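K.L.:
Take a look at this one; I'll ask things after.
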Amino acid sequence: MSWENNYKNKIVSADEAVKIIKSGDRVLIGHATGEPSVLVEALVKRAPELRNVELMHMVCMGKARYCQEDMKDSFAYSGPFLGNGTREAVASGRADYWPCFMHEIPKMITTRKIMDVALIMVSPPDEKGECSFGVSVDYTESAARTPQTKIILQVNNRMPYTYGTTINLNRAHYIVKADQEVIELPDPKISEVEEKIGRNIAALVNDGDTIQMGIGSMPDAVLNFLGDRKHLGVHSELVSDGMRKLAEKGVIDNSRKTLHQGKFVANFFMGTRKLYDFIDKNKDILAKPCDYTNDPFVIAQNDNMVAINATMQVDLYGQMNSNSIGVYQYSGVGGQVDFIRGTNASKGGRSIIALPSTAKGGSISKIVCFLDYGSAVTTSRYDSRFIVTEYGAVDLFGLNLRQRVKALISIAHPAFREQLEKEAWEKKMLR
Ligand code: COA
């Protein structure tokens with residue numbers, strides 16, 4: 001018998017399913033490329049009859065229609081990572097940012113029991129009724145662990161089946177059969193500066209290392225220069241097309257991993273359809289929730305772990321702001337600190353932060369004496385290790401404050417070095 005027959009009492013249209021959402025409810029939306037767009041659109045259509053529905057959505061890659069001015073009485077977005085569709089709403093006060101390490105988001109959801117309803121997109125079920133979370137396990141799965149949360153599942157034939165974490169159709173309050181293309185992220189364009197940074201970082205990656213790559217175009221710039229490495233492994237939050245290409249070339253084979261040997265470990269996938277076809281029913285993929293993949297104690301079990309992430313601004317002592325421009329909230333902490341801490345504890349680990357030396361067309365230095373007023377410290381100076389720009393790489397571990405000042409000035413853009421040194425003397429950071 002087909003699964004549709006077994007679950008016919010639960011199968012409804014999207015419009016019908018979202019009627020369980022009431023004014024004042026808190027609703028979780030599946031993350032990033034896993035956004036169940038059909039359910040979100042059905043919810044948005046109910047705006048005239050709903051008030052103060054709080055939406056928790058991390059990286060929003062869809063239209064974020066619920067964030068727009070005319071929706072403000074119906075929906076209030078609150079999320080731990082902002083993007084194009086949500087940033088302006090937070091800046092103008094209609095929405096809010098929710099500070100939380102990525103590995104702790106599931107704990108927040110399950111222990112505070114804060115979600116009334118969750119909108120989740122899954123693959124079609126197997127013969128036991130188990131659906132895969134596909135491209136988005138991350139925090140999305142944690143809603144299913146909270147018995148109080150009503151789950152609406154959008155079963156999508158285009159969602160790849162990833163091994164590692166499933167949800168049974170029995171857990172669903174409603175099931176909506178609706179196919180949609182999984183949101184894609186095209187290959188990023190890599191600038192000349194990013195290429196130089198990529199080369200500098202690649203020099204720090206050895207055969208047999210296990211890597212994590214953060215968000216942005218920088219990670220792909222690095223991957224481009226790893227083509228001649230052997231036996232790389234992946235334990236990451238995010239897996240992209242860059243990693244797929246290295247796996248297809250045989251550079252990534254996960255054979256030397258000390259945890260989950262042979263497996264790509266990740267909690268979400270973001271890229272083109274080629275990536276989604278690559279991960280579909282691929283026995284080498286282990287897709288787990290982010291309270292597992294991002295737990296620093298789990299990350300640390302990978303020997304020779306290399307974490308590569310980006311930042312907005314670094315001060316001369318190595319303190320970093322990776323998620324705001326002054327008080328303006330730009331993105332979020334994501335898994336940056338989770339991976340830096342886990343990697344610093346890994347035997348042979350190297351945590352790396354990459355940044356172009358300047359921003360705004362070369363008019364400002366990203367290496368500064370002091371972080372901008374109102375900036376959020378993402379990675380503290382106690383956690384920071386390798387910092388890499390297009391002018392080189394420095395390792396801050398074991399350097400005292402004065403040595404850090406000199407090291408960081410040495411990789412600043414030459415046009416700003418003299419000014420930074422002058423300021424450092426004036427502020428008695430150099431004596
Ligand atoms: N001062 C002022 N503006 C700055 C700036 C600075 N020091 N540094 C960057 N900007 C501006 C850029 O000009 C750009 O503006 P625009 O959108 O108007 O063009 C914007 O900030 C984004 O900078 P960019 O360098 O293009 O960002 P990115 O896409 O490469 O992402 C981070 C970089 C740091 C924002 C991103 O990696 C992030 O959010 N990291 C934190 C979370 C994380 O690391 N997670 C890891 C696991 S996924």
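Labeling convention for the structure tokens: chains A, B, ... as they appear, residues from 1 per chain, ligands from 1 in order of appearance.
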Can you write out as a Markdown table which residues of chain A fall within 8 Å of ligand 1, alongside each residue's closest atom pair and its distance in Å to one decimal, counting only C-alpha atoms and all ligand atoms and ordering rows by chain and ascending residue number?
P.N.:
| residue | atom | partner | partner_atom_place_in_ligand_line | distance |
| --- | --- | --- | --- | --- |
| A:Phe81 | CA | ligand 1 | 39 (O) | 7.8 |
| A:Met213 | CA | ligand 1 | 47 (C) | 6.7 |
| A:Gly214 | CA | ligand 1 | 47 (C) | 3.8 |
| A:Ile215 | CA | ligand 1 | 48 (S) | 4.4 |
| A:Gly216 | CA | ligand 1 | 30 (O) | 4.2 |
| A:Ser217 | CA | ligand 1 | 30 (O) | 5.6 |
| A:Met218 | CA | ligand 1 | 30 (O) | 6.3 |
| A:Glu237 | CA | ligand 1 | 48 (S) | 6.2 |
| A:Leu238 | CA | ligand 1 | 48 (S) | 6.1 |
| A:Asn309 | CA | ligand 1 | 44 (O) | 4.9 |
| A:Ala310 | CA | ligand 1 | 37 (O) | 4.3 |
| A:Thr311 | CA | ligand 1 | 34 (C) | 3.7 |
| A:Met312 | CA | ligand 1 | 8 (N) | 4.0 |
| A:Gln313 | CA | ligand 1 | 7 (N) | 4.6 |
| A:Asn321 | CA | ligand 1 | 34 (C) | 7.8 |
| A:Ser322 | CA | ligand 1 | 34 (C) | 4.4 |
| A:Asn323 | CA | ligand 1 | 39 (O) | 5.1 |
| A:Ser324 | CA | ligand 1 | 35 (C) | 7.7 |
| A:Ile325 | CA | ligand 1 | 2 (C) | 5.5 |
| A:Gly326 | CA | ligand 1 | 1 (N) | 7.9 |
| A:Tyr330 | CA | ligand 1 | 35 (C) | 6.7 |
| A:Ser331 | CA | ligand 1 | 39 (O) | 4.6 |
| A:Gly332 | CA | ligand 1 | 42 (C) | 5.5 |
| A:Val333 | CA | ligand 1 | 42 (C) | 4.5 |
| A:Gly334 | CA | ligand 1 | 45 (N) | 4.2 |
| A:Gly335 | CA | ligand 1 | 47 (C) | 4.2 |
| A:Gln336 | CA | ligand 1 | 46 (C) | 4.1 |
| A:Val337 | CA | ligand 1 | 44 (O) | 7.8 |
| A:Phe339 | CA | ligand 1 | 47 (C) | 7.7 |
| A:Leu355 | CA | ligand 1 | 25 (O) | 7.4 |
| A:Pro356 | CA | ligand 1 | 25 (O) | 7.4 |
| A:Thr358 | CA | ligand 1 | 7 (N) | 7.2 |
| A:Ala359 | CA | ligand 1 | 13 (O) | 5.2 |
| A:Lys360 | CA | ligand 1 | 13 (O) | 4.8 |
| A:Gly361 | CA | ligand 1 | 13 (O) | 7.8 |
| A:Ile364 | CA | ligand 1 | 1 (N) | 7.0 |
| A:Ser365 | CA | ligand 1 | 7 (N) | 6.7 |
| A:Lys366 | CA | ligand 1 | 7 (N) | 4.4 |
| A:Ile367 | CA | ligand 1 | 7 (N) | 7.7 |
| A:Thr378 | CA | ligand 1 | 41 (C) | 7.8 |
K.L.:
Write out as JSON, numbers by chain all residues of range 165-406 of chain A that backbone DSSP assigns to strand (DSSP E or B).
P.N.:
{"A": [166, 167, 168, 174, 175, 176, 177, 210, 211, 212, 213, 232, 233, 234, 235, 238, 239, 252, 264, 265, 266, 268, 269, 285, 286, 287, 305, 306, 307, 308, 309, 310, 313, 314, 315, 320, 321, 324, 325, 328, 329, 350, 351, 352, 353, 354, 358, 359, 364, 365, 367, 368, 379, 386, 387, 388, 389, 392, 393, 394, 395]}
K.L.:
Need to verify the contact set: Arg417 in chain A, 12 Å, only C-alpha atoms, exclusion of same-chain residues closer than 5 positions in sequence. Can you return it as a PyMOL selection string?
P.N.:
chain A and resi 316+357-358+364-369+391+405-412+422-424
K.L.:
May I ask for the distance between CA of Ala42 in chain A and CA of Ile21 in chain A, given in Å to one decimal place?
P.N.:
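So the two atoms, CA of Ala42 in chain A and CA of Ile21 in chain A, lie 11.1 Å apart.
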K.L.:
What's around Ser142 in chain A at 7 Å? Count only C-alpha atoms, leave out sequence neighbours fewer than 5 positions away in its own chain, and write the answer as a list in words.
P.N.:
Pro106, Ile109 and Thr110 of chain A
K.L.:
Once you have the residues from the selection above, write them out as a PDB file, in the first residue's frame, restricted to N, CA and C atoms.
P.N.:
ATOM      1  N   PRO A 106      19.202  24.125  19.227  1.00  0.00           N
ATOM      2  CA  PRO A 106      18.284  23.032  19.568  1.00  0.00           C
ATOM      3  C   PRO A 106      17.960  22.960  21.064  1.00  0.00           C
ATOM      4  N   ILE A 109      15.398  25.472  21.830  1.00  0.00           N
ATOM      5  CA  ILE A 109      14.076  25.083  21.314  1.00  0.00           C
ATOM      6  C   ILE A 109      13.460  23.962  22.147  1.00  0.00           C
ATOM      7  N   THR A 110      14.270  22.970  22.513  1.00  0.00           N
ATOM      8  CA  THR A 110      13.692  21.804  23.203  1.00  0.00           C
ATOM      9  C   THR A 110      13.459  22.063  24.689  1.00  0.00           C
TER      10      THR A 110
END
K.L.:
Could you give me the residues within range 51-175 of chain A that DSSP places in alpha helix (DSSP H), as a VMD selection string?
P.N.:
chain A and resid 87 to 91 105 to 112
K.L.:
Residues of range 54-151 of chain A within 8 Å of range 171-189 of chain A: nearest atom pair and distance (Å, one decimal) for each, counting only C-alpha atoms, sorted by chain and number, as CSV?
P.N.:
residue,atom,partner,partner_atom,distance
A:Met61,CA,A:Ile183,CA,7.4
A:Gly62,CA,A:Ile183,CA,7.7
A:Ala144,CA,A:Arg171,CA,7.4
A:Lys150,CA,A:His173,CA,5.8
A:Ile151,CA,A:Ala172,CA,5.0
K.L.:
State, in Å with one decimal place, the distance from CA of Arg65 in chain A to CA of Thr86 in chain A.
P.N.:
9.3 Å
K.L.:
Could you list, as a list in words, every residue within 6 Å of range 296-306 of chain A, counting only C-alpha atoms and ignoring same-chain residues fewer than 4 positions away?
P.N.:
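Contacts, with the query itself left out: Asp209, Thr210, Ile211, Thr258, Leu259, Asp338, Arg341, Gly342, Thr343, Ala345, Ser346, Lys347, Gly348, Gly349, Arg350 and Ser351 of chain A.
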K.L.:
Using only C-alpha atoms, which protein or nucleic acid residues come within 8 Å of Leu43 in chain A? Drop anything in the same chain fewer than 3 positions from it, and give the result as a list in words.
P.N.:
Asp15, Val18, Leu39, Val40, Arg46 and Ala47 of chain A
K.L.:
Keeping N, CA and C atoms, export the residues of the selection given above as a PDB file, in the first residue's frame.
P.N.:
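The resulting out16.pdb:
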ATOM      1  N   ASP A  15      -2.951  25.384   2.448  1.00  0.00           N
ATOM      2  CA  ASP A  15      -3.848  26.389   3.037  1.00  0.00           C
ATOM      3  C   ASP A  15      -4.565  25.823   4.263  1.00  0.00           C
ATOM      4  N   VAL A  18      -1.956  25.278   7.442  1.00  0.00           N
ATOM      5  CA  VAL A  18      -1.494  26.433   8.233  1.00  0.00           C
ATOM      6  C   VAL A  18      -2.623  27.066   9.053  1.00  0.00           C
ATOM      7  N   LEU A  39       4.549  26.138   2.209  1.00  0.00           N
ATOM      8  CA  LEU A  39       3.892  26.365   3.509  1.00  0.00           C
ATOM      9  C   LEU A  39       4.029  27.829   3.939  1.00  0.00           C
ATOM     10  N   VAL A  40       5.212  28.403   3.693  1.00  0.00           N
ATOM     11  CA  VAL A  40       5.437  29.795   4.105  1.00  0.00           C
ATOM     12  C   VAL A  40       4.490  30.715   3.325  1.00  0.00           C
ATOM     13  N   ARG A  46      -2.385  34.251   5.091  1.00  0.00           N
ATOM     14  CA  ARG A  46      -3.310  34.426   6.223  1.00  0.00           C
ATOM     15  C   ARG A  46      -3.063  35.718   7.005  1.00  0.00           C
ATOM     16  N   ALA A  47      -2.135  36.527   6.527  1.00  0.00           N
ATOM     17  CA  ALA A  47      -1.761  37.743   7.263  1.00  0.00           C
ATOM     18  C   ALA A  47      -2.969  38.567   7.735  1.00  0.00           C
TER      19      ALA A  47
END
K.L.:
Choose the residue, out of A:Tyr163, A:Asp241, A:Gln329, A:Leu226, that has the smallest atom-to-atom separation from Gly79 in chain A; count only C-alpha atoms.
P.N.:
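Using only C-alpha atoms, Gly79 in chain A sits closest to A:Gln329.
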K.L.:
Check the smallest atom-to-atom distance from each of A:Val137, A:Ile387, A:Ala89, A:Ile120 to Gly164 in chain A using only C-alpha atoms, then report the winner.
P.N.:
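Under the stated criterion, the closest residue is A:Val137.
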K.L.:
Set the distance at 10 Å and use only C-alpha atoms: which residues neighbour Arg381 in chain A once local chain neighbours fewer than 2 positions away are removed? I'd like the list as a list in words.
P.N.:
Val314, Asp315, Leu316, Tyr317, Gly318, Gln319, Met320, Val377, Thr378, Thr379, Asp383, Ser384, Arg385, Leu396, Phe397, Leu401 and Arg404 of chain A
K.L.:
May I have the residues from that selection written out with all heavy atoms, as a compact mmCIF listing (two decimals), in the first residue's frame?
P.N.:
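Done, and the output landed in again.txt:
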# COMPACT_ATOMS: atom_id res chain seq x y z
N VAL A 314 38.80 42.98 12.71
CA VAL A 314 39.60 42.41 13.80
C VAL A 314 40.41 43.53 14.43
O VAL A 314 40.96 44.38 13.73
CB VAL A 314 40.47 41.23 13.30
CG1 VAL A 314 41.34 41.59 12.12
CG2 VAL A 314 41.36 40.68 14.41
N ASP A 315 40.46 43.56 15.78
CA ASP A 315 41.27 44.60 16.42
C ASP A 315 42.70 44.10 16.61
O ASP A 315 43.00 42.93 16.37
CB ASP A 315 40.60 45.11 17.71
CG ASP A 315 40.71 44.16 18.89
OD1 ASP A 315 41.53 43.21 18.84
OD2 ASP A 315 39.99 44.38 19.88
N LEU A 316 43.57 44.99 17.05
CA LEU A 316 45.00 44.66 17.06
C LEU A 316 45.37 43.63 18.13
O LEU A 316 46.50 43.15 18.16
CB LEU A 316 45.83 45.93 17.21
CG LEU A 316 45.83 46.86 15.99
CD1 LEU A 316 46.68 48.09 16.23
CD2 LEU A 316 46.31 46.14 14.72
N TYR A 317 44.42 43.27 18.99
CA TYR A 317 44.68 42.19 19.95
C TYR A 317 44.07 40.86 19.49
O TYR A 317 44.17 39.86 20.18
CB TYR A 317 44.11 42.56 21.32
CG TYR A 317 44.85 43.69 22.03
CD1 TYR A 317 44.21 44.43 23.02
CD2 TYR A 317 46.18 43.99 21.74
CE1 TYR A 317 44.88 45.46 23.68
CE2 TYR A 317 46.85 45.01 22.39
CZ TYR A 317 46.19 45.74 23.37
OH TYR A 317 46.86 46.75 24.02
N GLY A 318 43.37 40.89 18.36
CA GLY A 318 42.82 39.64 17.82
C GLY A 318 41.38 39.38 18.18
O GLY A 318 40.86 38.27 18.01
N GLN A 319 40.70 40.40 18.66
CA GLN A 319 39.27 40.28 18.99
C GLN A 319 38.48 40.56 17.71
O GLN A 319 38.79 41.52 17.00
CB GLN A 319 38.98 41.33 20.05
CG GLN A 319 37.56 41.46 20.48
CD GLN A 319 37.42 42.37 21.69
OE1 GLN A 319 37.06 41.91 22.74
NE2 GLN A 319 37.71 43.65 21.54
N MET A 320 37.47 39.72 17.44
CA MET A 320 36.81 39.85 16.13
C MET A 320 35.32 40.12 16.20
O MET A 320 34.62 39.54 17.02
CB MET A 320 37.02 38.56 15.35
CG MET A 320 38.39 38.49 14.77
SD MET A 320 38.64 36.92 14.03
CE MET A 320 39.42 36.06 15.34
N VAL A 377 31.25 41.50 19.70
CA VAL A 377 32.42 40.62 19.64
C VAL A 377 31.93 39.21 19.37
O VAL A 377 31.09 38.69 20.09
CB VAL A 377 33.21 40.65 20.97
CG1 VAL A 377 34.34 39.63 20.93
CG2 VAL A 377 33.75 42.04 21.21
N THR A 378 32.42 38.63 18.30
CA THR A 378 32.01 37.27 17.95
C THR A 378 33.04 36.30 18.51
O THR A 378 32.71 35.42 19.31
CB THR A 378 31.92 37.12 16.42
OG1 THR A 378 31.24 38.24 15.89
CG2 THR A 378 31.21 35.84 16.04
N THR A 379 34.28 36.45 18.07
CA THR A 379 35.35 35.59 18.55
C THR A 379 36.26 36.42 19.44
O THR A 379 36.76 37.46 19.00
CB THR A 379 36.11 35.00 17.34
OG1 THR A 379 35.19 34.18 16.61
CG2 THR A 379 37.29 34.16 17.78
N ASP A 383 40.20 33.18 21.99
CA ASP A 383 39.92 32.07 21.08
C ASP A 383 40.63 32.22 19.74
O ASP A 383 40.79 31.24 19.02
CB ASP A 383 38.41 32.00 20.80
CG ASP A 383 37.60 31.54 22.00
OD1 ASP A 383 38.04 30.57 22.65
OD2 ASP A 383 36.54 32.11 22.28
N SER A 384 41.01 33.45 19.38
CA SER A 384 41.52 33.63 18.01
C SER A 384 42.91 33.01 17.84
O SER A 384 43.75 33.09 18.74
CB SER A 384 41.55 35.12 17.64
OG SER A 384 42.14 35.88 18.66
N ARG A 385 43.13 32.41 16.69
CA ARG A 385 44.42 31.74 16.38
C ARG A 385 44.97 32.31 15.06
O ARG A 385 45.49 33.39 15.04
CB ARG A 385 44.21 30.22 16.27
CG ARG A 385 43.74 29.57 17.56
CD ARG A 385 44.84 29.53 18.62
NE ARG A 385 44.49 28.71 19.76
CZ ARG A 385 43.90 29.14 20.88
NH1 ARG A 385 43.56 30.41 21.02
NH2 ARG A 385 43.63 28.30 21.88
N LEU A 396 48.21 33.84 16.25
CA LEU A 396 48.24 34.66 17.46
C LEU A 396 48.50 33.85 18.73
O LEU A 396 48.80 34.42 19.78
CB LEU A 396 46.91 35.42 17.62
CG LEU A 396 46.53 36.36 16.47
CD1 LEU A 396 45.24 37.11 16.80
CD2 LEU A 396 47.64 37.36 16.17
N PHE A 397 48.37 32.53 18.62
CA PHE A 397 48.50 31.71 19.83
C PHE A 397 49.94 31.81 20.35
O PHE A 397 50.89 31.58 19.60
CB PHE A 397 48.16 30.25 19.50
CG PHE A 397 47.91 29.40 20.72
CD1 PHE A 397 47.05 29.82 21.72
CD2 PHE A 397 48.53 28.17 20.86
CE1 PHE A 397 46.80 29.03 22.83
CE2 PHE A 397 48.28 27.37 21.96
CZ PHE A 397 47.42 27.80 22.95
N LEU A 401 50.35 40.72 23.92
CA LEU A 401 49.57 41.78 23.26
C LEU A 401 50.42 42.57 22.27
O LEU A 401 50.00 42.82 21.14
CB LEU A 401 48.96 42.72 24.31
CG LEU A 401 47.86 42.10 25.18
CD1 LEU A 401 47.32 43.13 26.18
CD2 LEU A 401 46.71 41.57 24.33
N ARG A 404 51.09 40.66 19.21
CA ARG A 404 49.87 40.58 18.38
C ARG A 404 49.69 41.85 17.55
O ARG A 404 49.34 41.79 16.37
CB ARG A 404 48.63 40.37 19.27
CG ARG A 404 48.54 38.97 19.80
CD ARG A 404 47.39 38.81 20.78
NE ARG A 404 47.30 37.41 21.17
CZ ARG A 404 46.19 36.68 21.19
NH1 ARG A 404 45.05 37.24 20.87
NH2 ARG A 404 46.22 35.42 21.52
K.L.:
What is the distance, in Å and to one decimal place, between CA of Ser74 in chain A and CA of Glu49 in chain A?
P.N.:
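About the pair CA of Ser74 in chain A and CA of Glu49 in chain A: they are 7.9 Å apart.
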K.L.:
Which residue, A:Ser136, A:Ser236, A:Thr166, A:Thr111, has the smallest gap to Ile308 in chain A when you use only C-alpha atoms?
P.N.:
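Using only C-alpha atoms, Ile308 in chain A sits closest to A:Ser236.
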K.L.:
Kindly indicate which residue among A:Asn206, A:Asn294, A:Asn200, A:Asn267 lies nearest to Asp138 in chain A, using only C-alpha atoms for the distances.
P.N.:
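Closest to Asp138 in chain A of all the choices is A:Asn267.
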